[in-house]
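Below: one structure, written as structure tokens.
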Amino acid sequence: MAVPAPRRDARLALLGLTKRFPGVVANDRVDVSVRAGEIHALLGENGAGKSTLMKMIYGLLAPDEGSILWEGRETVIEGPLHARRLGMGMVQQHFSLLESLTVAENLALTLNRRGRWEPERVAARVAEAEGRYGLAVEPHRPVHSLSVGQRQRVEILRCLLQEEPLKLLILDEPTAVLTPQEVAGLFEVLRRLAAQGLSILFVSHKLDEVKALCERVTVLRGGRVVARRDMADVTVDELATLMVGDRPPALRERRAVAGAGEVRLALQGLDLAPDHPHGTALSRASLELRRGEILGLAGVSGNGQQELLAALVGERPVPADCVLIDGEPVGRMGVAERRRRGLRYVPEDRQGTGAVPSLSLIDNALLTRWPKATRFGWVSLAAARNWAQAICERYQVRQAGVGMPASSLSGGNLQKFIVGRELDETPEIFVVAQPTWGVDVAAARRIQDALLALREQGTALLVISDDLDELLALADRVAVISGGRVSSARPVAEVGRAQLGQLMGGRGLEAEVPDAAA
């Protein structure tokens with residue numbers, strides 16, 4: 001069926017936008033329109049061209065072909081400052097706030113372009129905005145003391161309070177690290193803003209949220225527009241099919257694992273101070289990973305997950321008997337020694353920790369398996385190339401060649417590469433943080449199936465995620481981390497989504513923490 005052309009009388013109209021990079025056409029004659037007062041969804045699998053399109057709208061990239069119509073006039077957007085002057089704002093997936101400053105001081109940095117340092121004047125504007133938009137933020141609180149949902153409100157406020165009236169708000173994966181209660185609060189704010197005439201371009205992989213919030217949707221696949229729909233005329237399953245070209249397969253059936261239950265990795269009563277000023281201290285943290293089982297750890301990002309992972313995998317030394325592998329104290333051992341004992345992991349930070357952006361995919365494949373490619377002191381680059389190509393094929397990583405730098409991949413494709421690199425080693429103990437963060441529905445299903453397959457093979461898994469639906473689908477038991485405290489793990493059948501969301505927000509956690517409950 002022919003795809004109708006966008007309306008030229010829309011607030012934003014993209015006509016035939018094309019952007020090429022070496023070896024790939026990221027956007028191929030893309031047409032999109034966003035009306036005044038509309039919440040418009042932009043969907044697509046990893047590498048479909050969503051990020052490139054947003055960067056062209058916001059002036060971070062220049063299109064090779066096509067035109068951008070802003071309020072009916074053809075416009076060349078020369079950069080983000082020009083975009084803001086036109087009335088555009090963008091909140092990216094990774095926030096850019098300075099944690100040591102207050103909310104008002106952060107806003108003053110970007111709102112006072114004439115060199116005046118006036119956080120008190122900004123604080124007054126924040127109070128005014130609270131009444132107008134329903135965005136409750138305490139202007140004098142340091143950013144490091146805010147929850148992730150509160151920080152997101154600050155980012156949205158930064159757009160709303162800019163000197164030029166905001167007309168278009170671009171949101172990239174805005175619910176990725178929010179609790180269910182924070183998601184509901186965000187949607188309430190967005191609906192209120194749209195009712196006041198603001199146009200919102202909403203980019204997300206969470207199809208049920210897109211369905212609940214947005215009025216229309218544009219779907220990209222392979223850099224091209226393949227569908228436009230009114231949201232009332234399409235189901236969540238149909239959206240998934242439009243994104244990937246076929247209906248995503250059902251999640252792998254869970255099977256009982258013979259010999260499950262043996263404790264492979266244990267954390268015992270760990271107190272650990274953060275290694276940077278705005279980290280989270282762990283307080284008497286305890287958990288057990290058992291053979292043939294997935295333990296889910298739910299929590300809003302920034303509540304001690306990074307510190308916990310660093311202690312478990314050997315990035316930070318802790319008292320020897322606080323971490324045990326098969327009963328052996330390993331707290332003082334480093335990453336390499338724990339790897340030799342069967343433990344592998346995927347960190348939350350894919351840029352810089354999980355991969356080196358400037359290195360090729362070949363070199364990144366070597367990062368955690370170079371001993372296997374080394375013989376008599378020589379590294380076999382042919383073996384590394386074969387590994388990189390196999391990972392890309394098995395996990396459908398879209399790339400222009402394994403010799404290209406990791407920074408050339410979209411965030412979702414880089415995530416698939418990192419997770420695939422570790423899964424291919426068939427670990428005995430596997431700790432993975434945010435396994436499907438930023439990954440499209442079909443790729444997420446492949447990763448989740450691979451985790452369940454490891455479970456069937458007897459691997460002990462810890463899945464750290466803020467996606468409750470994912471944890472409830474994968475985990476045998478689930479615990480919650482909030483403020484550096486870890487609750488007792490309970491069978492998934494005994495807990496619900498709403499209860500986990502409350503615990504993630506810190507409410508009722510004291511009664512669930514082992515020492516507190518004793």
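Note on naming: chains are A, B, ... as they come in the structure tokens, residues start from 1 per chain, ligands start from 1 in the order shown.
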Residues near A:Thr175, cut-off 12 Å, only C-alpha atoms, skip fewer than 6 positions along chain, as a ChimeraX atom specification: /A:91-94,148-149,152-153,181-187,202-210,213,300-301,437-438,466-467
Using the selection just defined, write its residues with N, CA and C atoms as a compact mmCIF listing (two decimals), in the first residue's frame.
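Output file out.txt is given in full below:
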# COMPACT_ATOMS: atom_id res chain seq x y z
N VAL A 91 15.56 16.11 24.51
CA VAL A 91 16.03 15.41 25.71
C VAL A 91 16.55 14.06 25.27
N GLN A 92 17.86 13.87 25.40
CA GLN A 92 18.47 12.63 24.93
C GLN A 92 18.39 11.55 26.01
N GLN A 93 18.67 10.33 25.59
CA GLN A 93 18.54 9.18 26.47
C GLN A 93 19.48 9.30 27.67
N HIS A 94 20.68 9.84 27.45
CA HIS A 94 21.65 10.02 28.53
C HIS A 94 21.66 11.50 28.90
N VAL A 148 16.06 9.49 39.03
CA VAL A 148 16.18 9.59 37.57
C VAL A 148 14.97 10.31 36.98
N GLY A 149 13.77 10.01 37.50
CA GLY A 149 12.57 10.68 37.00
C GLY A 149 12.62 12.18 37.25
N GLN A 152 14.94 13.80 34.78
CA GLN A 152 14.31 13.95 33.46
C GLN A 152 13.42 15.18 33.42
N ARG A 153 12.72 15.46 34.52
CA ARG A 153 11.90 16.66 34.58
C ARG A 153 12.76 17.92 34.42
N GLN A 181 5.64 4.16 38.20
CA GLN A 181 4.99 5.37 38.71
C GLN A 181 5.54 6.63 38.03
N GLU A 182 6.86 6.65 37.78
CA GLU A 182 7.46 7.80 37.10
C GLU A 182 7.01 7.88 35.65
N VAL A 183 6.84 6.73 35.01
CA VAL A 183 6.34 6.73 33.63
C VAL A 183 4.94 7.35 33.58
N ALA A 184 4.08 6.95 34.51
CA ALA A 184 2.72 7.51 34.55
C ALA A 184 2.77 9.02 34.76
N GLY A 185 3.66 9.49 35.64
CA GLY A 185 3.79 10.92 35.88
C GLY A 185 4.29 11.66 34.65
N LEU A 186 5.27 11.07 33.94
CA LEU A 186 5.77 11.69 32.71
C LEU A 186 4.67 11.81 31.66
N PHE A 187 3.89 10.74 31.48
CA PHE A 187 2.84 10.77 30.47
C PHE A 187 1.79 11.83 30.79
N PHE A 202 8.23 11.41 19.87
CA PHE A 202 8.48 10.42 20.94
C PHE A 202 9.14 9.19 20.32
N VAL A 203 10.40 8.94 20.69
CA VAL A 203 11.15 7.80 20.16
C VAL A 203 11.30 6.77 21.26
N SER A 204 10.84 5.54 21.03
CA SER A 204 10.87 4.52 22.07
C SER A 204 10.79 3.14 21.44
N HIS A 205 11.32 2.13 22.19
CA HIS A 205 11.14 0.74 21.79
C HIS A 205 10.03 0.06 22.58
N LYS A 206 9.44 0.76 23.54
CA LYS A 206 8.40 0.17 24.38
C LYS A 206 7.05 0.40 23.73
N LEU A 207 6.61 -0.60 22.98
CA LEU A 207 5.46 -0.43 22.11
C LEU A 207 4.16 -0.22 22.87
N ASP A 208 4.02 -0.85 24.04
CA ASP A 208 2.79 -0.64 24.80
C ASP A 208 2.68 0.81 25.27
N GLU A 209 3.81 1.43 25.60
CA GLU A 209 3.80 2.84 26.00
C GLU A 209 3.50 3.74 24.81
N VAL A 210 4.08 3.44 23.67
CA VAL A 210 3.80 4.21 22.45
C VAL A 210 2.31 4.16 22.13
N LEU A 213 0.28 6.37 24.59
CA LEU A 213 0.51 7.81 24.64
C LEU A 213 0.29 8.54 23.33
N VAL A 300 15.86 1.44 39.86
CA VAL A 300 16.09 2.61 39.02
C VAL A 300 17.59 2.86 38.94
N SER A 301 18.08 3.16 37.76
CA SER A 301 19.52 3.38 37.57
C SER A 301 20.05 4.40 38.56
N TRP A 437 18.72 -2.87 26.77
CA TRP A 437 18.55 -1.42 26.80
C TRP A 437 18.78 -0.84 25.40
N GLY A 438 17.77 -0.17 24.86
CA GLY A 438 17.88 0.46 23.55
C GLY A 438 17.82 -0.50 22.39
N ASP A 466 16.05 -2.25 34.80
CA ASP A 466 14.95 -1.42 35.29
C ASP A 466 13.68 -1.69 34.49
N ASP A 467 13.72 -2.69 33.61
CA ASP A 467 12.55 -3.09 32.81
C ASP A 467 11.84 -4.22 33.55
Give me, as an mmCIF file with N, CA and C atoms, in the first residue's frame, all polymer residues having an atom no more than 7 Å from stretch 38-50 of chain A, counting only C-alpha atoms and skipping those fewer than 6 positions away in the same chain.
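Okay, this is what ended up in selection27.cif:
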data_model
loop_
_atom_site.group_PDB
_atom_site.id
_atom_site.type_symbol
_atom_site.label_atom_id
_atom_site.label_comp_id
_atom_site.auth_asym_id
_atom_site.auth_seq_id
_atom_site.Cartn_x
_atom_site.Cartn_y
_atom_site.Cartn_z
ATOM 1 N N ALA A 26 21.892 5.881 5.863
ATOM 2 C CA ALA A 26 21.193 5.874 7.152
ATOM 3 C C ALA A 26 19.743 6.277 6.999
ATOM 4 N N ASN A 27 19.471 7.281 6.164
ATOM 5 C CA ASN A 27 18.097 7.725 5.870
ATOM 6 C C ASN A 27 17.952 7.866 4.363
ATOM 7 N N ALA A 194 1.006 18.755 25.413
ATOM 8 C CA ALA A 194 0.413 18.652 24.071
ATOM 9 C C ALA A 194 -0.914 19.395 24.006
ATOM 10 N N SER A 199 4.208 20.344 20.191
ATOM 11 C CA SER A 199 4.410 19.140 19.375
ATOM 12 C C SER A 199 5.480 18.279 20.040
ATOM 13 N N ILE A 200 5.250 16.965 20.103
ATOM 14 C CA ILE A 200 6.189 16.058 20.761
ATOM 15 C C ILE A 200 6.519 14.914 19.815
ATOM 16 N N LEU A 201 7.812 14.704 19.575
ATOM 17 C CA LEU A 201 8.285 13.567 18.788
ATOM 18 C C LEU A 201 8.863 12.556 19.771
ATOM 19 N N PHE A 202 8.233 11.405 19.874
ATOM 20 C CA PHE A 202 8.484 10.424 20.936
ATOM 21 C C PHE A 202 9.137 9.190 20.322
ATOM 22 N N VAL A 203 10.403 8.942 20.693
ATOM 23 C CA VAL A 203 11.147 7.802 20.155
ATOM 24 C C VAL A 203 11.304 6.770 21.261
ATOM 25 N N SER A 204 10.835 5.544 21.030
ATOM 26 C CA SER A 204 10.872 4.523 22.066
ATOM 27 C C SER A 204 10.789 3.140 21.441
ATOM 28 N N HIS A 205 11.318 2.130 22.191
ATOM 29 C CA HIS A 205 11.145 0.736 21.788
ATOM 30 C C HIS A 205 10.025 0.058 22.577
ATOM 31 N N VAL A 210 4.081 3.438 23.666
ATOM 32 C CA VAL A 210 3.799 4.214 22.449
ATOM 33 C C VAL A 210 2.310 4.159 22.131
ATOM 34 N N CYS A 214 0.733 7.946 22.228
ATOM 35 C CA CYS A 214 0.854 8.701 20.974
ATOM 36 C C CYS A 214 -0.408 8.639 20.118
ATOM 37 N N GLU A 215 -0.544 9.645 19.253
ATOM 38 C CA GLU A 215 -1.707 9.734 18.369
ATOM 39 C C GLU A 215 -1.435 9.128 17.000
ATOM 40 N N ARG A 216 -0.223 9.364 16.486
ATOM 41 C CA ARG A 216 0.170 8.806 15.188
ATOM 42 C C ARG A 216 1.573 8.234 15.306
ATOM 43 N N VAL A 217 1.926 7.393 14.338
ATOM 44 C CA VAL A 217 3.233 6.752 14.366
ATOM 45 C C VAL A 217 3.800 6.694 12.951
ATOM 46 N N THR A 218 5.110 6.936 12.849
ATOM 47 C CA THR A 218 5.861 6.713 11.619
ATOM 48 C C THR A 218 6.876 5.624 11.900
ATOM 49 N N VAL A 219 6.947 4.611 11.036
ATOM 50 C CA VAL A 219 7.826 3.459 11.243
ATOM 51 C C VAL A 219 8.929 3.471 10.188
ATOM 52 N N LEU A 220 10.176 3.381 10.666
ATOM 53 C CA LEU A 220 11.333 3.282 9.776
ATOM 54 C C LEU A 220 11.864 1.856 9.770
ATOM 55 N N ARG A 221 12.313 1.418 8.602
ATOM 56 C CA ARG A 221 13.010 0.139 8.490
ATOM 57 C C ARG A 221 14.068 0.272 7.405
ATOM 58 N N GLY A 222 15.314 -0.014 7.773
ATOM 59 C CA GLY A 222 16.396 0.111 6.798
ATOM 60 C C GLY A 222 16.556 1.517 6.272
ATOM 61 N N GLY A 223 16.250 2.518 7.094
ATOM 62 C CA GLY A 223 16.426 3.909 6.692
ATOM 63 C C GLY A 223 15.276 4.503 5.910
ATOM 64 N N MET A 243 7.755 -2.896 12.511
ATOM 65 C CA MET A 243 9.139 -2.534 12.807
ATOM 66 C C MET A 243 10.136 -3.503 12.194
ATOM 67 N N VAL A 244 9.884 -4.792 12.318
ATOM 68 C CA VAL A 244 10.895 -5.782 11.944
ATOM 69 C C VAL A 244 10.551 -6.539 10.672
ATOM 70 N N ARG A 398 23.896 -4.757 12.767
ATOM 71 C CA ARG A 398 24.019 -4.013 11.512
ATOM 72 C C ARG A 398 25.270 -3.141 11.559
ATOM 73 N N SER A 410 24.958 2.047 15.867
ATOM 74 C CA SER A 410 23.918 2.633 16.705
ATOM 75 C C SER A 410 24.030 2.027 18.102
ATOM 76 N N GLY A 412 21.843 0.499 19.945
ATOM 77 C CA GLY A 412 21.254 -0.826 20.032
ATOM 78 C C GLY A 412 22.118 -1.892 19.396
ATOM 79 N N ASN A 413 22.733 -1.582 18.246
ATOM 80 C CA ASN A 413 23.593 -2.561 17.596
ATOM 81 C C ASN A 413 24.865 -2.817 18.391
ATOM 82 N N VAL A 439 17.425 -1.754 22.643
ATOM 83 C CA VAL A 439 17.396 -2.783 21.603
ATOM 84 C C VAL A 439 15.962 -2.982 21.133
ATOM 85 N N ASP A 440 15.778 -3.154 19.829
ATOM 86 C CA ASP A 440 14.424 -3.297 19.294
ATOM 87 C C ASP A 440 13.809 -4.624 19.710
#
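For the atom pair formed by atom CA of A:Leu169 and atom CA of A:Lys19, the distance is 22.2 Å, given to one decimal.
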Stretch 245-374 of chain A: residues DSSP assigns to strand (DSSP E), reported as an MDAnalysis selection string: chainID A and resid 263:272 282:290 293:298 323:325 328:329 343:346 374
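Counting only C-alpha atoms and comparing A:Arg284, A:Arg264, A:Arg340, A:Lys416, the residue that lies closest to A:Leu324 is A:Arg264.
Near A:Glu130, within 12 Å and counting only C-alpha atoms, sit Ala123, Ala124, Arg125, Val126, Ala127, Tyr133, Gly134, Leu135, Ala136, Val137, Glu138, Pro139, Arg153, Val154, Ile156, Leu157, Leu160, Leu161 and Val189 of chain A, not including residues fewer than 3 positions from it in the same chain.
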Exercise: A:Leu61 partners within 12 Å, only C-alpha atoms, chain neighbours under 3 positions left out, as a list in words: Leu17, Thr18, Lys19, Arg20, Phe21, Ala26, Asn27, Ser51, Thr52, Leu53, Met54, Lys55, Met56, Ile57, Tyr58, Asp64, Glu65, Val76, Ile77, Glu78, Gly79, Pro80 and Ala83 of chain A
From A:Val513, A:Leu166, A:Ala384, A:Ala453, residue lying nearest A:Ser360 [only C-alpha atoms]: A:Ala384
DSSP-assigned helix (DSSP H, G or I) among stretch 356-389 of chain A, expressed as a ChimeraX atom specification: /A:361-366,370-373,381-389
A:Ala281 surroundings by only C-alpha atoms, 6 Å radius, close-in-sequence under 4 positions cut, as a PyMOL selection string: chain A and resi 272-274+484
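Comparing A:Ala443, A:Leu98, A:Leu14, A:Ala104 by their smallest distance to A:Trp70, the closest is A:Leu14 (using only C-alpha atoms).
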Separation of atom CA of A:Glu494 from atom CA of A:Ala258 in Å: 22.9 Å
Residue with smallest distance to A:Gln415 - pool A:Thr459, A:Gln399, A:Gln351, A:Ser380, counting only C-alpha atoms: A:Gln351
Close residues, A:Pro249 itself excluded, 12 Å, only C-alpha atoms, min 2 positions apart in chain, as a PyMOL selection string: chain A and resi 237+240-241+244+246-247+251-253+441-446+448-449
Just write the chosen residues, C-alpha atoms, as a compact mmCIF listing (two decimals), in the first residue's frame.
# COMPACT_ATOMS: atom_id res chain seq x y z
CA ASP A 237 1.53 -6.72 17.76
CA ALA A 240 6.08 -4.93 16.23
CA THR A 241 5.51 -6.56 12.85
CA VAL A 244 10.89 -5.78 11.94
CA ASP A 246 7.66 -10.08 10.56
CA ARG A 247 5.93 -11.02 13.79
CA LEU A 251 9.70 -16.10 24.08
CA ARG A 252 11.43 -19.45 24.59
CA GLU A 253 9.46 -21.85 26.77
CA VAL A 441 11.74 -5.87 20.01
CA ALA A 442 13.07 -8.63 17.74
CA ALA A 443 16.68 -8.28 18.92
CA ALA A 444 15.52 -8.14 22.55
CA ARG A 445 13.70 -11.43 22.06
CA ARG A 446 16.86 -13.07 20.67
CA GLN A 448 16.25 -13.00 26.13
CA ASP A 449 16.05 -16.42 24.45
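Comparing A:Val431, A:Leu168, A:Ala227, A:Gly23 by their smallest distance to A:Leu193, the closest is A:Leu168 (using only C-alpha atoms).
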Non-local contacts of A:Pro22 (10 Å; only C-alpha atoms; under 4 positions in same chain excluded) as a PyMOL selection string: chain A and resi 26+400+404+408
Just the selected residues (N, CA and C atoms), exported as a PDB file, in the first residue's frame, please.
ATOM      1  N   ALA A  26      21.892   5.881   5.863  1.00  0.00           N
ATOM      2  CA  ALA A  26      21.193   5.874   7.152  1.00  0.00           C
ATOM      3  C   ALA A  26      19.743   6.277   6.999  1.00  0.00           C
ATOM      4  N   ALA A 400      28.827  -1.617   8.860  1.00  0.00           N
ATOM      5  CA  ALA A 400      29.367  -1.451   7.509  1.00  0.00           C
ATOM      6  C   ALA A 400      30.622  -2.281   7.296  1.00  0.00           C
ATOM      7  N   MET A 404      35.250  -1.495  10.964  1.00  0.00           N
ATOM      8  CA  MET A 404      34.796  -0.152  11.331  1.00  0.00           C
ATOM      9  C   MET A 404      34.841   0.014  12.850  1.00  0.00           C
ATOM     10  N   SER A 408      30.791   3.650  15.214  1.00  0.00           N
ATOM     11  CA  SER A 408      29.970   3.774  14.004  1.00  0.00           C
ATOM     12  C   SER A 408      28.641   3.035  14.136  1.00  0.00           C
TER      13      SER A 408
END
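Going from atom CA of A:Gly352 over to atom CA of A:Ile391, you cover 19.4 Å.
Distances to A:Val257 were evaluated for A:Gln457, A:Gln389, A:Gln196, A:Ser482 using only C-alpha atoms, and the minimum falls at A:Gln457.
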Please build the interface table for stretch 167-278 of chain A against stretch 327-336 of chain A with a cut-off of 9 Å, listing for each qualifying residue the nearest atom pair and the distance in Å to one decimal; count only C-alpha atoms, order rows by chain and increasing number, and write it as a Markdown table.
| residue | atom | partner | partner_atom | distance |
| --- | --- | --- | --- | --- |
| A:Val263 | CA | A:Gly327 | CA | 8.2 |
| A:Arg264 | CA | A:Gly327 | CA | 7.6 |
| A:Leu265 | CA | A:Gly327 | CA | 7.9 |
| A:Ala266 | CA | A:Gly327 | CA | 8.0 |
How would the residues just chosen look if you wrote them out with N, CA and C atoms as a PDB file, in the first residue's frame?
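Saved result, result-v7.pdb, follows:
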ATOM      1  N   VAL A 263      24.495 -23.018  44.855  1.00  0.00           N
ATOM      2  CA  VAL A 263      24.939 -21.624  44.869  1.00  0.00           C
ATOM      3  C   VAL A 263      26.299 -21.519  44.180  1.00  0.00           C
ATOM      4  N   ARG A 264      26.374 -20.752  43.100  1.00  0.00           N
ATOM      5  CA  ARG A 264      27.623 -20.556  42.365  1.00  0.00           C
ATOM      6  C   ARG A 264      28.325 -19.253  42.741  1.00  0.00           C
ATOM      7  N   LEU A 265      27.550 -18.187  42.952  1.00  0.00           N
ATOM      8  CA  LEU A 265      28.118 -16.880  43.291  1.00  0.00           C
ATOM      9  C   LEU A 265      27.308 -16.290  44.437  1.00  0.00           C
ATOM     10  N   ALA A 266      27.996 -15.829  45.466  1.00  0.00           N
ATOM     11  CA  ALA A 266      27.307 -15.264  46.634  1.00  0.00           C
ATOM     12  C   ALA A 266      27.959 -13.949  47.034  1.00  0.00           C
TER      13      ALA A 266
END
